[in-house]
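A.B. asks: Have a look at this one before I ask anything.
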Amino acid sequence: MQQVTLGMIGGGTVGGGVYQALQSNGALLASRTGLRFKLKRIAVKAFDEPRKVEIPERLMTTDWRAVVDDPEVDIVIELAGGTGVARQMVLAALRRGKPVVTANKALLSAHGQELFRTAREHGANIYYEASVAGGIPIIKALREGFIGNRILSLYGIVNGTCNYILSRMQAEGAAFDGVLADAQRLGYAEAEPSLDVDGFDSMHKTGILASLAHGFWVEPEKIHVEGIRNISQLDMGFAGQLGYTIKLLGVVKKLPARGRRKGGNGGAVQVAVYPALVPNRHVLASVSDSFNAVFVQGDVVGDTLFYGRGAGQDPTASAVLGDLADAALDLKHQAPDRVPAFVPHDDEGAVAPLADCISRYYLRLSVSDKPGVLARVAAILAASKIGISSVMQPEGHGGEAIPLIMMIHDATNAAMAKALGQIRRLPVVKAPPVMIRVEDLD
Ligand code: HSE
């Protein structure tokens with residue numbers, strides 16, 4: 001049986017998971033691919049780091065170049081993380097014509113185009129299933145399964161930490177800070193949680209999915225990002241009363257073509273990350289705890305849903321094993337570009353400015369409980385041609401300011417921002433308005 005020799009950089013949680021999965025399922029992989037996988041070297045930060053999975057010392061080195069430069073290593077697995085040295089590692093492997101398997105979403109988000117170009121120039125390829133939504137094969141679905149579809153919209157719950165926090169806030173009526181502290185204690189959230197809770201990890205993943213879905217590389221700076229720090233128990237509760245659940249979503253939506261070249265691919269694409277009200281009747285509302293899910297609408301296939309664990313040792317190892325099989329078979333068949341890392345197919349593709357993007361909105365105002373307040377707010381919305389679909393002023397909220405909740409019909413973000421600026425200046429409005437977008441997912 002032909003042998004494929006692997007070199008891995010990173011001996012942490014995911015690296016340990018890949019090592020373990022190769023031990024337990026290497027024979028299965030061999031029987032399915034007709035190839036024997038031999039993990040020859042693993043570059044680690046230090047031999048004596050604490051590890052959940054023990055790695056034999058004879059495999060370890062602290063020199064990543066010894067992995068990349070080893071002439072016997074056919075495929076390099078990059079699991080180091082980060083965007084600095086990891087970029088050097090991946091570029092060095094590609095320049096030697098070696099395929100790279102990576103889980104590094106931050107690296108792809110920041111340097112994807114450079115890495116893909118380098119891969120092409122050196123007859124190599126990059127396999128990155130593990131970079132988005134862990135064990136869910138969404139990259140393969142978009143690049144291969146849906147190759148005959150135009151992707152109309154894609155909504156992803158792609159950050160397990162945020163989904164865990166929001167699920168607990170909803171189930172227990174708990175506050176963000178307390179749940180975050182718990183999540184950190186349980187090891188779900190990092191000690192420095194910003195990458196997750198401020199939406200940047202979701203931004204990396206949503207940008208990769210948007211690029212694959214629409215065939216132009218989405219620069220991270222073009223993605224509007226809002227995290228979940230400002231989601232309150234109050235809004236969770238009111239959203240629940242209205243029949244919605246709040247989820248942090250990666251949103252990728254093709255906007256209708258307007259004034260662009262005839263015969264072209266048409267409208268720009270909304271690419272954004274924000275917390276949104278999702279109707280409880282939609283299956284995404286039931287995705288709870290640290291699970292991920294991606295809902296994709298294709299013009300031929302219709303609605304599809306992918307669900308599973310988005311992070312962690314074993315789900316990520318599962319994605320790496322899938323990529324290793326593809327990389328090894330492509331090497332065997334001398335077809336490194338059988339499925340190119342990224343195929344541009346929309347020359348005119350562009351990310352739509354958020355101001356032009358349209359959605360419904362949930363609005364919570366803190367207002368004086370006086371006659372005429374609702375009329376003044378409604379007058380500003382009416383003057384901006386923004387329609388109200390429902391109003392709720394729950395009783396039992398005494399004091400100087402009471403909550404006034406409105407569900408707003410479709411409007412552009414620009415129109416809403418302008419109207420909210422005016423509403424904020426009304427003397428009867430006692431605090432900055434809370435606005436959360438509503439995604440009906442239909
Ligand atoms: N921290 C991420 C999450 C996993 O919570 O989903 C790695 O991208």
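By convention in this document, the chains of the structure tokens carry letters A, B, ... by their order, each chain's residues are numbered from 1, and ligands are numbered from 1 in the order they are shown.
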Tell me, as a PyMOL selection string, which residues lie within 8 Å of region 321-327 of chain A, counting only C-alpha atoms; anything in the same chain fewer than 5 positions away does not count.

C.D. replies: chain A and resi 18+21-22+29+33+75+99+101+125+127-129+336

A.B. asks: Report the closest atom pair, with its distance in Å rounded to one decimal, for each residue of chain A that has an atom no farther than 6 Å from ligand 1; count only C-alpha atoms and all ligand atoms, sort by chain and then rising residue number, and write it as a tab-separated table.

C.D. replies:
residue	atom	partner	partner_atom_place_in_ligand_line	distance
A:Asn159	CA	ligand 1	6 (O)	3.5
A:Gly160	CA	ligand 1	6 (O)	3.6
A:Thr161	CA	ligand 1	5 (O)	3.7
A:Asp196	CA	ligand 1	1 (N)	5.7
A:Asp201	CA	ligand 1	8 (O)	5.9
A:Gly310	CA	ligand 1	6 (O)	5.7
A:Ala311	CA	ligand 1	4 (C)	4.8

A.B. asks: Tell me which protein, DNA and RNA residues are within 9 Å of Pro433 (chain A), counting only C-alpha atoms, leaving out same-chain ones fewer than 6 positions away, and put them as a ChimeraX atom specification.

C.D. replies: /A:363-366,420,423-424

A.B. asks: Write down as a PyMOL selection string the residues of region 69-288 of chain A whose backbone DSSP state falls under alpha helix (DSSP H).

C.D. replies: chain A and resi 85-95+105-121+138-140+160-172+176-185+194-197+200-214+233-241

A.B. asks: How would the residues just chosen look if you wrote them out with C-alpha atoms as a PDB file, in the first residue's frame?

C.D. replies:
ATOM      1  CA  VAL A  85       4.629  32.736  12.147  1.00  0.00           C
ATOM      2  CA  ALA A  86       1.747  30.584  10.873  1.00  0.00           C
ATOM      3  CA  ARG A  87       1.836  32.576   7.619  1.00  0.00           C
ATOM      4  CA  GLN A  88       5.568  31.827   7.292  1.00  0.00           C
ATOM      5  CA  MET A  89       4.940  28.144   7.980  1.00  0.00           C
ATOM      6  CA  VAL A  90       2.219  27.817   5.360  1.00  0.00           C
ATOM      7  CA  LEU A  91       4.113  29.852   2.743  1.00  0.00           C
ATOM      8  CA  ALA A  92       7.276  27.800   3.344  1.00  0.00           C
ATOM      9  CA  ALA A  93       5.395  24.525   2.835  1.00  0.00           C
ATOM     10  CA  LEU A  94       3.595  25.764  -0.292  1.00  0.00           C
ATOM     11  CA  ARG A  95       6.844  27.062  -1.800  1.00  0.00           C
ATOM     12  CA  LYS A 105      -9.469  30.923   9.959  1.00  0.00           C
ATOM     13  CA  ALA A 106      -7.706  34.069  11.151  1.00  0.00           C
ATOM     14  CA  LEU A 107      -4.792  33.357   8.809  1.00  0.00           C
ATOM     15  CA  LEU A 108      -7.034  32.678   5.816  1.00  0.00           C
ATOM     16  CA  SER A 109      -9.125  35.752   6.547  1.00  0.00           C
ATOM     17  CA  ALA A 110      -6.082  38.020   6.702  1.00  0.00           C
ATOM     18  CA  HIS A 111      -3.847  36.431   4.035  1.00  0.00           C
ATOM     19  CA  GLY A 112      -6.069  34.091   2.024  1.00  0.00           C
ATOM     20  CA  GLN A 113      -5.369  35.624  -1.365  1.00  0.00           C
ATOM     21  CA  GLU A 114      -1.598  35.547  -0.884  1.00  0.00           C
ATOM     22  CA  LEU A 115      -1.679  31.942   0.307  1.00  0.00           C
ATOM     23  CA  PHE A 116      -3.952  30.772  -2.515  1.00  0.00           C
ATOM     24  CA  ARG A 117      -1.781  32.546  -5.099  1.00  0.00           C
ATOM     25  CA  THR A 118       1.356  30.955  -3.663  1.00  0.00           C
ATOM     26  CA  ALA A 119      -0.300  27.538  -3.718  1.00  0.00           C
ATOM     27  CA  ARG A 120      -1.216  27.984  -7.393  1.00  0.00           C
ATOM     28  CA  GLU A 121       2.251  29.203  -8.334  1.00  0.00           C
ATOM     29  CA  ILE A 138     -19.521  23.266   4.993  1.00  0.00           C
ATOM     30  CA  ILE A 139     -16.453  24.165   2.900  1.00  0.00           C
ATOM     31  CA  LYS A 140     -16.832  20.949   0.910  1.00  0.00           C
ATOM     32  CA  GLY A 160     -19.865  28.155  19.751  1.00  0.00           C
ATOM     33  CA  THR A 161     -18.841  30.399  22.636  1.00  0.00           C
ATOM     34  CA  CYS A 162     -21.370  33.085  21.721  1.00  0.00           C
ATOM     35  CA  ASN A 163     -24.066  30.530  21.072  1.00  0.00           C
ATOM     36  CA  TYR A 164     -23.419  28.935  24.456  1.00  0.00           C
ATOM     37  CA  ILE A 165     -23.637  32.322  26.203  1.00  0.00           C
ATOM     38  CA  LEU A 166     -26.810  33.409  24.368  1.00  0.00           C
ATOM     39  CA  SER A 167     -28.478  30.009  24.905  1.00  0.00           C
ATOM     40  CA  ARG A 168     -27.883  30.187  28.643  1.00  0.00           C
ATOM     41  CA  MET A 169     -29.004  33.814  28.839  1.00  0.00           C
ATOM     42  CA  GLN A 170     -32.212  32.787  27.123  1.00  0.00           C
ATOM     43  CA  ALA A 171     -32.844  29.602  29.097  1.00  0.00           C
ATOM     44  CA  GLU A 172     -32.007  31.034  32.524  1.00  0.00           C
ATOM     45  CA  PHE A 176     -24.167  38.321  29.883  1.00  0.00           C
ATOM     46  CA  ASP A 177     -21.334  38.973  32.376  1.00  0.00           C
ATOM     47  CA  GLY A 178     -22.273  36.118  34.701  1.00  0.00           C
ATOM     48  CA  VAL A 179     -22.655  33.591  31.889  1.00  0.00           C
ATOM     49  CA  LEU A 180     -19.377  34.715  30.305  1.00  0.00           C
ATOM     50  CA  ALA A 181     -17.578  34.226  33.637  1.00  0.00           C
ATOM     51  CA  ASP A 182     -19.112  30.738  33.901  1.00  0.00           C
ATOM     52  CA  ALA A 183     -18.128  29.921  30.328  1.00  0.00           C
ATOM     53  CA  GLN A 184     -14.558  30.944  31.121  1.00  0.00           C
ATOM     54  CA  ARG A 185     -14.528  28.784  34.245  1.00  0.00           C
ATOM     55  CA  SER A 194     -12.906  39.470  22.697  1.00  0.00           C
ATOM     56  CA  LEU A 195     -12.195  37.375  19.586  1.00  0.00           C
ATOM     57  CA  ASP A 196     -15.380  35.422  20.267  1.00  0.00           C
ATOM     58  CA  VAL A 197     -17.823  37.784  21.993  1.00  0.00           C
ATOM     59  CA  PHE A 200     -14.251  38.693  15.150  1.00  0.00           C
ATOM     60  CA  ASP A 201     -13.996  34.902  15.053  1.00  0.00           C
ATOM     61  CA  SER A 202     -17.410  34.847  13.342  1.00  0.00           C
ATOM     62  CA  MET A 203     -16.145  37.527  10.971  1.00  0.00           C
ATOM     63  CA  HIS A 204     -13.174  35.360   9.898  1.00  0.00           C
ATOM     64  CA  LYS A 205     -15.468  32.405   9.246  1.00  0.00           C
ATOM     65  CA  THR A 206     -18.272  34.378   7.585  1.00  0.00           C
ATOM     66  CA  GLY A 207     -15.761  36.049   5.250  1.00  0.00           C
ATOM     67  CA  ILE A 208     -14.435  32.658   4.136  1.00  0.00           C
ATOM     68  CA  LEU A 209     -17.956  31.313   3.536  1.00  0.00           C
ATOM     69  CA  ALA A 210     -19.016  34.479   1.688  1.00  0.00           C
ATOM     70  CA  SER A 211     -15.929  34.310  -0.541  1.00  0.00           C
ATOM     71  CA  LEU A 212     -16.642  30.712  -1.492  1.00  0.00           C
ATOM     72  CA  ALA A 213     -20.340  31.358  -2.007  1.00  0.00           C
ATOM     73  CA  HIS A 214     -19.890  34.407  -4.221  1.00  0.00           C
ATOM     74  CA  GLN A 233     -31.710  39.974  29.685  1.00  0.00           C
ATOM     75  CA  LEU A 234     -34.426  42.519  29.005  1.00  0.00           C
ATOM     76  CA  ASP A 235     -34.098  42.183  25.228  1.00  0.00           C
ATOM     77  CA  MET A 236     -33.804  38.399  25.444  1.00  0.00           C
ATOM     78  CA  GLY A 237     -37.064  38.380  27.416  1.00  0.00           C
ATOM     79  CA  PHE A 238     -38.971  40.734  25.111  1.00  0.00           C
ATOM     80  CA  ALA A 239     -37.699  38.887  22.021  1.00  0.00           C
ATOM     81  CA  GLY A 240     -39.028  35.668  23.607  1.00  0.00           C
ATOM     82  CA  GLN A 241     -42.444  37.240  24.230  1.00  0.00           C
TER      83      GLN A 241
END

A.B. asks: For a test of reading the model, state the distance in Å between CA of Ala272 (chain A) and CA of Asp347 (chain A), rounded to one decimal.

C.D. replies: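 Taking CA of Ala272 (chain A) and CA of Asp347 (chain A), their separation equals 20.7 Å.
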
A.B. asks: Using only C-alpha atoms, pick whichever of A:Leu242, A:Ala401, A:Ala268, A:Cys357 has the shortest atom-to-atom distance to Ser389 (chain A).

C.D. replies: A:Leu242

A.B. asks: CA of Ala285 (chain A) and CA of Ala352 (chain A), how far apart in Å?

C.D. replies: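 Atom-to-atom, CA of Ala352 (chain A) to CA of Ala285 (chain A), that is 26.2 Å.
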
A.B. asks: Can you pull out every residue within 10 Å of Gly302 (chain A), counting only C-alpha atoms, but drop anything in the same chain fewer than 5 positions away, and send it as a count of residues only?

C.D. replies: 5

A.B. asks: Which residues come within 9 Å of Gly135 (chain A), counting only C-alpha atoms, excluding same-chain residues fewer than 3 positions away, as a count of residues only?

C.D. replies: 16

A.B. asks: Tell me, which residues of region 118-319 of chain A carry DSSP strand (DSSP E or B), written as a PyMOL selection string?

C.D. replies: chain A and resi 126-127+151-157+224-225+244-254+269-279+291-298+302-309
